[in-house]
$ cat entry05.cif   # mmCIF, C-alpha atoms
data_structure
#
loop_
_atom_site.label_atom_id
_atom_site.label_comp_id
_atom_site.auth_asym_id
_atom_site.auth_seq_id
_atom_site.Cartn_x
_atom_site.Cartn_y
_atom_site.Cartn_z
CA ASN A 1 0.00 0.00 0.00
CA ALA A 2 1.52 3.31 -1.15
CA GLY A 3 -0.65 5.57 1.06
CA VAL A 4 0.33 9.21 0.45
CA THR A 5 3.07 9.81 -2.11
CA GLN A 6 4.89 13.12 -2.43
CA THR A 7 7.29 14.21 -5.14
CA PRO A 8 9.96 15.39 -5.20
CA LYS A 9 11.69 14.45 -1.94
CA PHE A 10 14.25 17.25 -2.22
CA GLN A 11 14.33 20.47 -4.21
CA VAL A 12 16.57 23.51 -4.37
CA LEU A 13 15.24 26.68 -5.94
CA LYS A 14 16.55 30.14 -6.56
CA THR A 15 14.55 33.10 -5.33
CA GLY A 16 11.82 33.91 -7.84
CA GLN A 17 11.64 30.47 -9.40
CA SER A 18 8.40 28.55 -9.47
CA MET A 19 7.64 24.91 -8.83
CA THR A 20 4.83 22.51 -8.04
CA LEU A 21 4.87 19.91 -5.30
CA GLN A 22 2.86 16.85 -6.18
CA CYS A 23 0.82 14.69 -3.83
CA ALA A 24 -1.30 11.63 -4.51
CA GLN A 25 -3.18 9.27 -2.21
CA ASP A 26 -4.60 5.86 -2.98
CA MET A 27 -6.91 5.48 0.02
CA ASN A 28 -9.99 7.09 -1.55
CA HIS A 29 -9.97 9.87 1.05
CA ASN A 30 -12.06 12.97 0.51
CA SER A 31 -9.92 15.44 2.45
CA MET A 32 -6.35 16.40 1.64
CA TYR A 33 -3.93 18.89 3.23
CA TRP A 34 -0.66 20.69 2.76
CA TYR A 35 1.44 21.54 5.83
CA ARG A 36 4.83 23.11 6.26
CA GLN A 37 7.21 22.43 9.12
CA ASP A 38 10.07 24.71 10.05
CA PRO A 39 12.92 23.65 12.37
CA GLY A 40 11.77 23.25 15.96
CA MET A 41 8.20 24.07 15.03
CA GLY A 42 5.03 22.11 14.72
CA LEU A 43 3.17 21.70 11.45
CA ARG A 44 1.31 24.70 10.08
CA LEU A 45 -1.56 24.26 7.67
CA ILE A 46 -1.11 25.97 4.30
CA TYR A 47 -4.22 24.85 2.40
CA TYR A 48 -6.69 22.05 2.60
CA SER A 49 -9.30 20.47 0.38
CA ALA A 50 -12.34 19.03 2.10
CA SER A 51 -13.45 17.27 -1.06
CA GLU A 52 -12.76 17.10 -4.76
CA GLY A 53 -13.37 20.48 -6.35
CA THR A 54 -12.99 22.53 -3.16
CA THR A 55 -9.99 24.19 -1.55
CA ASP A 56 -9.61 26.57 1.36
CA LYS A 57 -6.90 28.54 3.09
CA GLY A 58 -5.24 27.39 6.24
CA GLU A 59 -3.04 29.21 8.70
CA VAL A 60 -0.21 30.29 6.32
CA PRO A 61 -1.50 30.43 2.70
CA ASN A 62 0.38 33.51 1.44
CA GLY A 63 2.74 32.73 -1.42
CA TYR A 64 1.08 29.43 -2.29
CA ASN A 65 -1.63 28.13 -4.56
CA VAL A 66 -3.21 24.70 -4.67
CA SER A 67 -5.11 22.55 -7.12
CA ARG A 68 -7.29 19.58 -6.30
CA LEU A 69 -6.88 17.88 -9.65
CA ASN A 70 -9.11 14.93 -8.80
CA LYS A 71 -9.92 12.89 -5.73
CA ARG A 72 -6.43 11.37 -5.63
CA GLU A 73 -4.22 14.37 -6.34
CA PHE A 74 -3.60 17.66 -4.53
CA SER A 75 -0.74 19.87 -5.72
CA LEU A 76 0.95 22.85 -4.09
CA ARG A 77 2.46 25.58 -6.25
CA LEU A 78 4.99 28.25 -5.39
CA GLU A 79 4.71 30.91 -8.06
CA SER A 80 7.73 32.96 -6.99
CA ALA A 81 9.77 31.21 -4.36
CA ALA A 82 11.22 33.19 -1.45
CA PRO A 83 13.85 32.18 1.13
CA SER A 84 11.11 32.30 3.79
CA GLN A 85 9.53 29.32 2.04
CA THR A 86 12.49 27.11 2.86
CA SER A 87 10.84 24.35 4.84
CA VAL A 88 9.73 20.74 4.87
CA TYR A 89 6.36 20.28 3.21
CA PHE A 90 4.01 17.48 4.13
CA CYS A 91 0.93 16.38 2.29
CA ALA A 92 -1.77 14.46 4.13
CA SER A 93 -5.14 12.91 3.52
CA SER A 94 -7.76 11.97 6.03
CA GLU A 95 -10.57 9.59 6.76
CA ALA A 96 -13.34 10.27 9.18
CA ARG A 97 -13.47 7.94 12.18
CA GLY A 98 -16.94 8.53 13.50
CA GLN A 99 -16.67 12.25 14.12
CA GLY A 100 -12.89 12.47 14.39
CA GLU A 101 -10.40 12.66 11.56
CA LYS A 102 -7.39 10.37 11.13
CA LEU A 103 -4.60 11.90 9.09
CA PHE A 104 -2.17 9.97 6.91
CA PHE A 105 1.02 11.78 5.95
CA GLY A 106 3.47 11.53 3.11
CA SER A 107 7.21 11.40 3.72
CA GLY A 108 7.72 15.09 3.01
CA THR A 109 9.54 17.37 0.58
CA GLN A 110 12.62 19.23 1.77
CA LEU A 111 12.64 22.55 -0.07
CA SER A 112 15.48 25.05 0.03
CA VAL A 113 15.15 28.48 -1.55
CA LEU A 114 18.42 30.30 -2.07
CA LEU B 1 -10.77 25.80 17.10
CA ALA B 2 -9.72 24.32 20.38
CA LYS B 3 -6.17 25.25 21.30
CA THR B 4 -3.95 22.71 23.00
CA THR B 5 -1.07 23.13 25.42
CA GLN B 6 1.60 20.48 25.92
CA PRO B 7 4.99 20.39 27.62
CA ILE B 8 7.76 21.28 25.19
CA SER B 9 9.94 18.36 26.21
CA MET B 10 10.12 15.31 28.45
CA ASP B 11 12.86 12.84 29.31
CA SER B 12 12.54 9.22 30.35
CA TYR B 13 14.56 6.04 30.61
CA GLU B 14 14.01 2.77 28.86
CA GLY B 15 11.41 0.57 30.50
CA GLN B 16 9.59 3.39 32.25
CA GLU B 17 6.00 4.46 31.69
CA VAL B 18 5.63 7.91 30.17
CA ASN B 19 2.59 10.12 30.56
CA ILE B 20 2.22 13.22 28.40
CA THR B 21 -0.61 15.55 29.35
CA CYS B 22 -2.36 17.91 26.98
CA SER B 23 -4.56 20.79 28.07
CA HIS B 24 -7.54 21.78 25.92
CA ASN B 25 -9.74 23.98 28.05
CA ASN B 26 -12.07 25.12 25.27
CA ILE B 27 -12.76 21.73 23.78
CA ALA B 28 -16.17 21.60 22.08
CA THR B 29 -18.85 19.01 22.64
CA ASN B 30 -18.24 17.27 19.31
CA ASP B 31 -14.43 17.38 19.44
CA TYR B 32 -12.33 14.24 19.50
CA ILE B 33 -8.81 14.12 20.91
CA THR B 34 -6.11 12.66 18.69
CA TRP B 35 -2.42 12.01 19.25
CA TYR B 36 0.26 11.74 16.59
CA GLN B 37 3.92 10.68 16.72
CA GLN B 38 6.63 12.12 14.51
CA PHE B 39 10.14 10.81 13.97
CA PRO B 40 12.85 12.99 12.39
CA SER B 41 12.53 13.30 8.61
CA GLN B 42 9.13 11.61 8.61
CA GLY B 43 5.53 12.73 8.56
CA PRO B 44 3.45 12.38 11.72
CA ARG B 45 1.80 9.05 12.35
CA PHE B 46 -1.55 8.48 14.05
CA ILE B 47 -1.26 6.88 17.49
CA ILE B 48 -4.63 7.00 19.20
CA GLN B 49 -7.94 8.84 19.29
CA GLY B 50 -10.67 9.15 21.89
CA TYR B 51 -13.71 11.08 23.02
CA LYS B 52 -14.05 10.30 26.71
CA THR B 53 -12.86 7.96 29.48
CA LYS B 54 -10.11 5.59 28.38
CA VAL B 55 -8.98 4.19 25.06
CA THR B 56 -6.25 1.58 24.66
CA ASN B 57 -4.59 0.08 21.62
CA GLU B 58 -1.44 -1.92 21.00
CA VAL B 59 0.74 1.19 21.21
CA ALA B 60 -0.66 3.47 23.90
CA SER B 61 -3.49 4.42 26.20
CA LEU B 62 -5.42 7.66 26.25
CA PHE B 63 -7.03 8.89 29.44
CA ILE B 64 -9.70 11.58 29.26
CA PRO B 65 -11.33 12.92 32.46
CA ALA B 66 -15.02 13.62 32.66
CA ASP B 67 -14.67 17.36 31.97
CA ARG B 68 -12.52 16.60 28.87
CA LYS B 69 -10.40 19.72 29.43
CA SER B 70 -7.25 17.67 29.35
CA SER B 71 -6.03 14.30 28.17
CA THR B 72 -3.07 12.09 28.94
CA LEU B 73 -1.20 9.91 26.50
CA SER B 74 0.39 6.96 28.29
CA LEU B 75 3.23 4.98 26.73
CA PRO B 76 4.01 1.80 28.67
CA ARG B 77 7.62 0.68 29.07
CA VAL B 78 9.19 3.02 26.54
CA SER B 79 12.21 2.09 24.46
CA LEU B 80 14.81 4.17 22.63
CA SER B 81 12.66 3.94 19.49
CA ASP B 82 9.90 5.91 21.21
CA THR B 83 12.07 9.02 21.06
CA ALA B 84 9.94 11.33 18.93
CA VAL B 85 7.72 14.39 18.96
CA TYR B 86 4.15 13.78 20.14
CA TYR B 87 1.29 16.05 19.09
CA CYS B 88 -2.12 16.43 20.67
CA LEU B 89 -4.97 17.68 18.48
CA VAL B 90 -8.63 18.33 19.11
CA GLY B 91 -11.31 18.78 16.52
CA ASP B 92 -14.18 17.21 14.70
CA ARG B 93 -15.09 16.93 11.09
CA GLY B 94 -18.09 19.20 11.26
CA SER B 95 -16.90 22.35 12.98
CA THR B 96 -13.36 22.31 11.67
CA LEU B 97 -14.37 21.35 8.13
CA GLY B 98 -11.46 18.95 8.06
CA ARG B 99 -8.88 21.44 9.34
CA LEU B 100 -6.64 20.24 12.12
CA TYR B 101 -3.94 22.41 13.67
CA PHE B 102 -0.73 21.10 15.18
CA GLY B 103 1.10 22.89 17.95
CA ARG B 104 4.80 22.43 18.68
CA GLY B 105 4.23 19.08 20.28
CA THR B 106 6.22 17.38 23.04
CA GLN B 107 9.74 16.16 22.33
CA LEU B 108 10.13 12.88 24.22
CA THR B 109 13.68 11.68 24.65
CA VAL B 110 14.23 8.17 25.96
CA TRP B 111 17.65 7.44 27.45
CA PRO B 112 19.31 4.03 27.88
#

$ encode --input "entry05.cif" --output "structure tokens"
Amino acid sequence: NAGVTQTPKFQVLKTGQSMTLQCAQDMNHNSMYWYRQDPGMGLRLIYYSASEGTTDKGEVPNGYNVSRLNKREFSLRLESAAPSQTSVYFCASSEARGQGEKLFFGSGTQLSVL
Amino acid sequence: LAKTTQPISMDSYEGQEVNITCSHNNIATNDYITWYQQFPSQGPRFIIQGYKTKVTNEVASLFIPADRKSSTLSLPRVSLSDTAVYYCLVGDRGSTLGRLYFGRGTQLTVWP
């Protein structure tokens, strides 16, 4: 079982460059998320998608855009990368357990912006 | 959204029981309490979830008092491999519309 797959695992960008982080899940989950994690910090929500065709802003959406391409795929785009976006990015999907959610995470993308 | 408060760090020795307490004073009626574990260079992994009283699985136990304003994750007989960051989250699908916020978590270090 692949679960949540993120690509690429590592990326180095120059300031002003653009790139798209890809995420796919094979668990038929409705909800998908993008988080970033900075050193010594917890995860901060960038964007989420409650279901196919919908997206919404999280805690730190500035500088990012997302696309929920279909039920499986949720991409994160940096249009003009900045050094402040150097971070580890995690994609997740979730299933509802009764009322509570259970999140499944990918292995992360280490992004450095020079 | 209910905010949680956890200790920043804890230390233990192999074989001991570890209890990590999370405070969530403004937990809502429909909120569940969920704990995740994160190892370095990996995404968080679900450990346990509960609503009230006690929940136990093969990894941990979760104790929730009647007022639900706090919860305690209990790890029995920890080993070196339990060294990780542990996150406490509260929320439900309805009110949070699927959004779940992580705090800084608790860094647990297990020593030999």

$ interface_residues --input "entry05.cif" --of "chain B" --to "chain A" --cutoff "10 Å" --atoms "all atoms listed in the file" --output "MDAnalysis selection string"
chainID B and resid 30:36 41:51 85:87 90:94 97:107

$ atom_distance --input "entry05.cif" --atom1 "atom CA of A:Thr86" --atom2 "atom CA of A:Val4"
21.8 Å

$ resolve_selection --input "entry05.cif" --expression "the PyMOL selection byres ((chain B and resi 17) around 8)" --output "list in words"
Gly15, Gln16, Val18, Asn19, Ser74, Leu75, Pro76, Arg77 and Val78 of chain B

$ residues_around --input "entry05.cif" --residues "B:Ile27" --least-positions-apart "2" --cutoff "7 Å" --atoms "all atoms listed in the file" --output "number ranges by chain"
B: 2, 24-25, 29, 31, 69

$ atom_distance --input "entry05.cif" --atom1 "atom CA of B:Val55" --atom2 "atom CA of B:Ile20"
14.8 Å

$ residues_around --input "entry05.cif" --residues "A:Asn62" --least-positions-apart "5" --cutoff "12 Å" --atoms "only C-alpha atoms" --output "CSV table (one decimal) with C-alpha atoms, in the frame of the given file"
chain,number,residue,atom,x,y,z
A,45,LEU,CA,-1.6,24.3,7.7
A,46,ILE,CA,-1.1,26.0,4.3
A,47,TYR,CA,-4.2,24.8,2.4
A,57,LYS,CA,-6.9,28.5,3.1
A,77,ARG,CA,2.5,25.6,-6.2
A,78,LEU,CA,5.0,28.2,-5.4
A,79,GLU,CA,4.7,30.9,-8.1
A,80,SER,CA,7.7,33.0,-7.0
A,81,ALA,CA,9.8,31.2,-4.4
A,82,ALA,CA,11.2,33.2,-1.4
A,84,SER,CA,11.1,32.3,3.8
A,85,GLN,CA,9.5,29.3,2.0

$ residues_around --input "entry05.cif" --residues "A:Phe74" --least-positions-apart "5" --cutoff "7 Å" --atoms "all atoms listed in the file" --output "ChimeraX atom specification"
/A:22-24,32,67-69

$ resolve_selection --input "entry05.cif" --expression "the PyMOL selection byres ((chain B and resi 10) around 6)" --output "list in words"
Ser9, Asp11 and Leu108 of chain B

$ write_last_selection --input "entry05.cif" --atoms "C-alpha atoms" --output "tab-separated table (two decimals), in the coordinates of the input"
chain	number	residue	atom	x	y	z
B	9	SER	CA	9.94	18.36	26.21
B	11	ASP	CA	12.86	12.84	29.31
B	108	LEU	CA	10.13	12.88	24.22

$ atom_distance --input "entry05.cif" --atom1 "atom CA of B:Lys54" --atom2 "atom CA of B:Ala66"
10.3 Å

$ residues_around --input "entry05.cif" --residues "B:Gln6" --least-positions-apart "2" --cutoff "7 Å" --atoms "only C-alpha atoms" --output "PyMOL selection string"
chain B and resi 4+8+21-23+105-106

$ resolve_selection --input "entry05.cif" --expression "the PyMOL selection byres ((chain A and resi 19) around 12)" --output "PyMOL selection string"
chain A and resi 7-8+11-18+20-22+63-66+75-82+85+111-113

$ write_last_selection --input "entry05.cif" --atoms "C-alpha atoms" --output "PDB file, in the coordinates of the input"
ATOM      1  CA  THR A   7       7.290  14.210  -5.140  1.00  0.00           C
ATOM      2  CA  PRO A   8       9.960  15.390  -5.200  1.00  0.00           C
ATOM      3  CA  GLN A  11      14.330  20.470  -4.210  1.00  0.00           C
ATOM      4  CA  VAL A  12      16.570  23.510  -4.370  1.00  0.00           C
ATOM      5  CA  LEU A  13      15.240  26.680  -5.940  1.00  0.00           C
ATOM      6  CA  LYS A  14      16.550  30.140  -6.560  1.00  0.00           C
ATOM      7  CA  THR A  15      14.550  33.100  -5.330  1.00  0.00           C
ATOM      8  CA  GLY A  16      11.820  33.910  -7.840  1.00  0.00           C
ATOM      9  CA  GLN A  17      11.640  30.470  -9.400  1.00  0.00           C
ATOM     10  CA  SER A  18       8.400  28.550  -9.470  1.00  0.00           C
ATOM     11  CA  THR A  20       4.830  22.510  -8.040  1.00  0.00           C
ATOM     12  CA  LEU A  21       4.870  19.910  -5.300  1.00  0.00           C
ATOM     13  CA  GLN A  22       2.860  16.850  -6.180  1.00  0.00           C
ATOM     14  CA  GLY A  63       2.740  32.730  -1.420  1.00  0.00           C
ATOM     15  CA  TYR A  64       1.080  29.430  -2.290  1.00  0.00           C
ATOM     16  CA  ASN A  65      -1.630  28.130  -4.560  1.00  0.00           C
ATOM     17  CA  VAL A  66      -3.210  24.700  -4.670  1.00  0.00           C
ATOM     18  CA  SER A  75      -0.740  19.870  -5.720  1.00  0.00           C
ATOM     19  CA  LEU A  76       0.950  22.850  -4.090  1.00  0.00           C
ATOM     20  CA  ARG A  77       2.460  25.580  -6.250  1.00  0.00           C
ATOM     21  CA  LEU A  78       4.990  28.250  -5.390  1.00  0.00           C
ATOM     22  CA  GLU A  79       4.710  30.910  -8.060  1.00  0.00           C
ATOM     23  CA  SER A  80       7.730  32.960  -6.990  1.00  0.00           C
ATOM     24  CA  ALA A  81       9.770  31.210  -4.360  1.00  0.00           C
ATOM     25  CA  ALA A  82      11.220  33.190  -1.450  1.00  0.00           C
ATOM     26  CA  GLN A  85       9.530  29.320   2.040  1.00  0.00           C
ATOM     27  CA  LEU A 111      12.640  22.550  -0.070  1.00  0.00           C
ATOM     28  CA  SER A 112      15.480  25.050   0.030  1.00  0.00           C
ATOM     29  CA  VAL A 113      15.150  28.480  -1.550  1.00  0.00           C
TER      30      VAL A 113
END
